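Reading through the structure tokens given below for one structure.
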Amino acid sequence: MTASSFDLSYGITSLSLTTGQTGSVLPTIVRTVSSQTGFEVDYNVALFDYKTVATMSFMQYATSSLGQMPISRVSMGASYHFVRVNGQRVLLENGVEGKVWGISPAVEVTLGLNKLSINDPGNPGYNFTAALVDVLPRLLLEIPMSSSFLLLIRGGYMFSLTNSGSLFNIKYGGSTINVGFRLTTL
């Protein structure tokens, strides 16, 4: 049995961004991209029999220490729930159908395409846009607030898997924390 839901989360992040020219003897440049204006929207499909939720996600950070709209990320992934996926329908002893709700910890991994748009106000020559593939493993906690509304708390570490081109080496890694809510279907 399956069911779908939508999430909306607000988040903060701090990424360590390392850049340098390929083959250059010049030292690499390290900057920290910190933002407190992150929004994430997810569409989820719960697979109750496997205690798993498949997710398509869009993440956007509006402002940061290194310019406007520094992170735009589209991803797909899944989460495994250790106890249960909330909202599963069960048949009770008396033949009545009910839904199971409770605090549910999970581990989530998403693979995404991230567009970085960096504009360092302290260094006018340090401006670029790059697209990189990244991974975001997270711990997730779902807390039921009502029969179709869940509080979500997520924390993880996002890191790049690829470089952006052959001229420059660009990589990043850092933490993300999101708090939001999930609306489930009946």
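Order determines the names: the first chain of the structure tokens is A, the second B, and so forth; residues in each chain are numbered 1 upward, and ligands are numbered 1 upward as they are shown.
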
Open item on the list: Residues near stretch 65-78 of chain A, anyone? I mean within 6 Å using only C-alpha atoms, not counting same-chain ones fewer than 6 positions away, as a ChimeraX atom specification.
Closed with: /A:33-34,53-59,108-120

How would the residues just picked look written out with N, CA, C and O atoms as a compact mmCIF listing (two decimals), in the first residue's frame?
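out20.txt was written with the following content:
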```txt
# COMPACT_ATOMS: atom_id res chain seq x y z
N VAL A 33 29.99 29.34 3.06
CA VAL A 33 28.69 29.82 2.62
C VAL A 33 27.72 29.51 3.76
O VAL A 33 27.42 28.35 4.02
N SER A 34 27.27 30.53 4.45
CA SER A 34 26.31 30.31 5.53
C SER A 34 25.02 31.04 5.19
O SER A 34 25.03 32.16 4.70
N VAL A 53 10.11 5.76 2.34
CA VAL A 53 9.45 6.87 1.67
C VAL A 53 10.36 7.36 0.55
O VAL A 53 11.52 7.70 0.80
N ALA A 54 9.87 7.37 -0.69
CA ALA A 54 10.61 7.92 -1.83
C ALA A 54 10.30 9.41 -1.91
O ALA A 54 9.16 9.83 -1.70
N THR A 55 11.32 10.23 -2.21
CA THR A 55 11.18 11.69 -2.15
C THR A 55 11.75 12.36 -3.39
O THR A 55 12.82 12.01 -3.86
N MET A 56 11.00 13.35 -3.91
CA MET A 56 11.52 14.31 -4.89
C MET A 56 11.54 15.66 -4.18
O MET A 56 10.54 16.03 -3.54
N SER A 57 12.65 16.38 -4.29
CA SER A 57 12.83 17.56 -3.46
C SER A 57 13.38 18.75 -4.24
O SER A 57 14.16 18.58 -5.18
N PHE A 58 12.99 19.95 -3.82
CA PHE A 58 13.58 21.19 -4.31
C PHE A 58 13.98 22.02 -3.10
O PHE A 58 13.18 22.23 -2.19
N MET A 59 15.25 22.47 -3.08
CA MET A 59 15.78 23.26 -1.97
C MET A 59 16.31 24.58 -2.53
O MET A 59 16.98 24.60 -3.56
N GLU A 108 17.67 9.31 5.94
CA GLU A 108 17.30 9.73 4.60
C GLU A 108 18.56 10.03 3.79
O GLU A 108 19.51 10.62 4.32
N VAL A 109 18.57 9.64 2.52
CA VAL A 109 19.68 9.96 1.63
C VAL A 109 19.09 10.47 0.31
O VAL A 109 18.20 9.84 -0.25
N THR A 110 19.58 11.64 -0.14
CA THR A 110 19.14 12.17 -1.44
C THR A 110 20.36 12.45 -2.30
O THR A 110 21.42 12.84 -1.81
N LEU A 111 20.20 12.24 -3.60
CA LEU A 111 21.21 12.55 -4.60
C LEU A 111 20.68 13.73 -5.39
O LEU A 111 19.55 13.66 -5.90
N GLY A 112 21.45 14.82 -5.47
CA GLY A 112 20.92 16.02 -6.08
C GLY A 112 21.84 16.71 -7.05
O GLY A 112 23.04 16.45 -7.10
N LEU A 113 21.25 17.60 -7.82
CA LEU A 113 21.97 18.50 -8.70
C LEU A 113 21.87 19.88 -8.06
O LEU A 113 20.77 20.40 -7.87
N ASN A 114 23.01 20.46 -7.72
CA ASN A 114 23.06 21.71 -6.98
C ASN A 114 23.69 22.80 -7.85
O ASN A 114 24.76 22.61 -8.40
N LYS A 115 22.99 23.93 -7.96
CA LYS A 115 23.55 25.08 -8.67
C LYS A 115 24.04 26.06 -7.61
O LYS A 115 23.27 26.58 -6.81
N LEU A 116 25.34 26.29 -7.61
CA LEU A 116 25.94 27.28 -6.72
C LEU A 116 26.08 28.59 -7.47
O LEU A 116 26.53 28.61 -8.62
N SER A 117 25.71 29.68 -6.84
CA SER A 117 25.88 31.00 -7.42
C SER A 117 26.55 31.87 -6.36
O SER A 117 25.90 32.31 -5.41
N ILE A 118 27.84 32.07 -6.50
CA ILE A 118 28.64 32.71 -5.46
C ILE A 118 29.09 34.10 -5.90
O ILE A 118 29.56 34.31 -7.00
N ASN A 119 28.93 35.07 -4.98
CA ASN A 119 29.34 36.45 -5.20
C ASN A 119 29.93 36.96 -3.90
O ASN A 119 29.20 37.34 -2.99
N ASP A 120 31.26 36.95 -3.79
CA ASP A 120 31.94 37.34 -2.56
C ASP A 120 32.10 38.86 -2.51
O ASP A 120 32.86 39.42 -3.30
```

Stretch 167-173 of chain A: which residues within 8 Å, counting only C-alpha atoms, same-chain residues fewer than 4 positions away excluded, as a short mmCIF file (atom, residue, chain, number, x, y, z; two decimals) with all heavy atoms, in the first residue's frame?
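File written: around.cif
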```cif
data_model
loop_
_atom_site.label_atom_id
_atom_site.label_comp_id
_atom_site.auth_asym_id
_atom_site.auth_seq_id
_atom_site.Cartn_x
_atom_site.Cartn_y
_atom_site.Cartn_z
N LEU A 15 28.21 25.70 4.56
CA LEU A 15 29.02 24.88 3.68
C LEU A 15 30.43 25.45 3.56
O LEU A 15 30.60 26.66 3.40
CB LEU A 15 28.41 24.83 2.27
CG LEU A 15 27.04 24.22 2.10
CD1 LEU A 15 26.61 24.32 0.64
CD2 LEU A 15 27.02 22.80 2.56
N SER A 16 31.41 24.59 3.62
CA SER A 16 32.79 24.98 3.36
C SER A 16 33.05 24.76 1.87
O SER A 16 33.02 23.63 1.39
CB SER A 16 33.75 24.14 4.20
OG SER A 16 35.08 24.49 3.89
N LEU A 17 33.30 25.85 1.16
CA LEU A 17 33.48 25.84 -0.29
C LEU A 17 34.95 26.00 -0.61
O LEU A 17 35.59 26.96 -0.18
CB LEU A 17 32.66 26.98 -0.90
CG LEU A 17 32.74 27.21 -2.38
CD1 LEU A 17 32.14 26.04 -3.13
CD2 LEU A 17 32.01 28.50 -2.74
N THR A 18 35.50 25.04 -1.37
CA THR A 18 36.92 25.08 -1.74
C THR A 18 37.01 25.19 -3.26
O THR A 18 36.41 24.39 -3.97
CB THR A 18 37.63 23.80 -1.28
OG1 THR A 18 37.44 23.64 0.12
CG2 THR A 18 39.12 23.87 -1.58
N THR A 19 37.76 26.19 -3.73
CA THR A 19 37.94 26.38 -5.17
C THR A 19 39.41 26.57 -5.49
O THR A 19 40.20 27.02 -4.65
CB THR A 19 37.17 27.61 -5.69
OG1 THR A 19 37.68 28.78 -5.04
CG2 THR A 19 35.70 27.48 -5.45
N GLY A 20 39.78 26.22 -6.69
CA GLY A 20 41.14 26.41 -7.15
C GLY A 20 41.24 26.08 -8.62
O GLY A 20 40.40 25.37 -9.17
N GLN A 21 42.28 26.60 -9.26
CA GLN A 21 42.47 26.35 -10.69
C GLN A 21 43.19 25.01 -10.87
O GLN A 21 44.15 24.70 -10.17
CB GLN A 21 43.28 27.47 -11.30
CG GLN A 21 43.22 27.50 -12.80
CD GLN A 21 43.75 28.81 -13.37
OE1 GLN A 21 44.13 29.70 -12.63
NE2 GLN A 21 43.77 28.90 -14.68
N THR A 22 42.71 24.20 -11.80
CA THR A 22 43.29 22.90 -12.07
C THR A 22 44.73 23.06 -12.55
O THR A 22 45.01 23.85 -13.44
CB THR A 22 42.48 22.15 -13.15
OG1 THR A 22 41.14 22.04 -12.69
CG2 THR A 22 43.04 20.77 -13.41
N TYR A 157 24.55 16.22 6.48
CA TYR A 157 25.81 16.74 5.95
C TYR A 157 25.76 16.62 4.43
O TYR A 157 25.73 15.51 3.89
CB TYR A 157 26.99 15.96 6.52
CG TYR A 157 28.32 16.53 6.12
CD1 TYR A 157 28.87 17.60 6.82
CD2 TYR A 157 29.03 16.03 5.03
CE1 TYR A 157 30.09 18.14 6.46
CE2 TYR A 157 30.24 16.57 4.65
CZ TYR A 157 30.77 17.62 5.37
OH TYR A 157 31.97 18.17 5.01
N MET A 158 25.76 17.76 3.73
CA MET A 158 25.70 17.78 2.27
C MET A 158 27.13 17.92 1.73
O MET A 158 27.87 18.78 2.19
CB MET A 158 24.84 18.96 1.80
CG MET A 158 24.68 19.06 0.31
SD MET A 158 23.39 20.20 -0.27
CE MET A 158 23.56 21.62 0.77
N PHE A 159 27.48 17.08 0.75
CA PHE A 159 28.82 17.18 0.16
C PHE A 159 28.78 16.89 -1.33
O PHE A 159 27.97 16.09 -1.79
CB PHE A 159 29.82 16.25 0.87
CG PHE A 159 29.44 14.80 0.83
CD1 PHE A 159 29.91 13.96 -0.16
CD2 PHE A 159 28.59 14.27 1.80
CE1 PHE A 159 29.56 12.63 -0.19
CE2 PHE A 159 28.23 12.94 1.78
CZ PHE A 159 28.72 12.11 0.79
N SER A 160 29.66 17.55 -2.07
CA SER A 160 29.69 17.40 -3.54
C SER A 160 30.42 16.12 -3.92
O SER A 160 31.35 15.70 -3.26
CB SER A 160 30.35 18.61 -4.18
OG SER A 160 31.68 18.75 -3.72
N LEU A 161 29.97 15.54 -5.03
CA LEU A 161 30.61 14.34 -5.59
C LEU A 161 31.44 14.67 -6.82
O LEU A 161 32.31 13.89 -7.19
CB LEU A 161 29.54 13.32 -5.99
CG LEU A 161 28.73 12.68 -4.88
CD1 LEU A 161 27.69 11.75 -5.46
CD2 LEU A 161 29.63 11.94 -3.92
N THR A 162 31.14 15.78 -7.49
CA THR A 162 31.79 16.10 -8.76
C THR A 162 32.43 17.48 -8.69
O THR A 162 32.15 18.28 -7.81
CB THR A 162 30.77 16.11 -9.91
OG1 THR A 162 29.80 17.12 -9.65
CG2 THR A 162 30.11 14.77 -10.07
N ASN A 163 33.30 17.73 -9.65
CA ASN A 163 33.83 19.07 -9.89
C ASN A 163 32.94 19.77 -10.89
O ASN A 163 32.09 19.16 -11.50
CB ASN A 163 35.25 19.00 -10.46
CG ASN A 163 36.28 18.76 -9.39
OD1 ASN A 163 36.07 19.08 -8.23
ND2 ASN A 163 37.39 18.17 -9.79
#
```

Task: From A:Val41, A:Ile103, A:Ile153, A:Val90, residue lying nearest A:Leu140 [only C-alpha atoms] - done: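 Closest to A:Leu140 of all the choices is A:Ile153.
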
- [ ] Could you give me, as a ChimeraX atom specification, the residues within 9 Å of A:Ser4, counting only C-alpha atoms and dropping anything in the same chain fewer than 3 positions from it?
- [x] /A:43-46,184-185
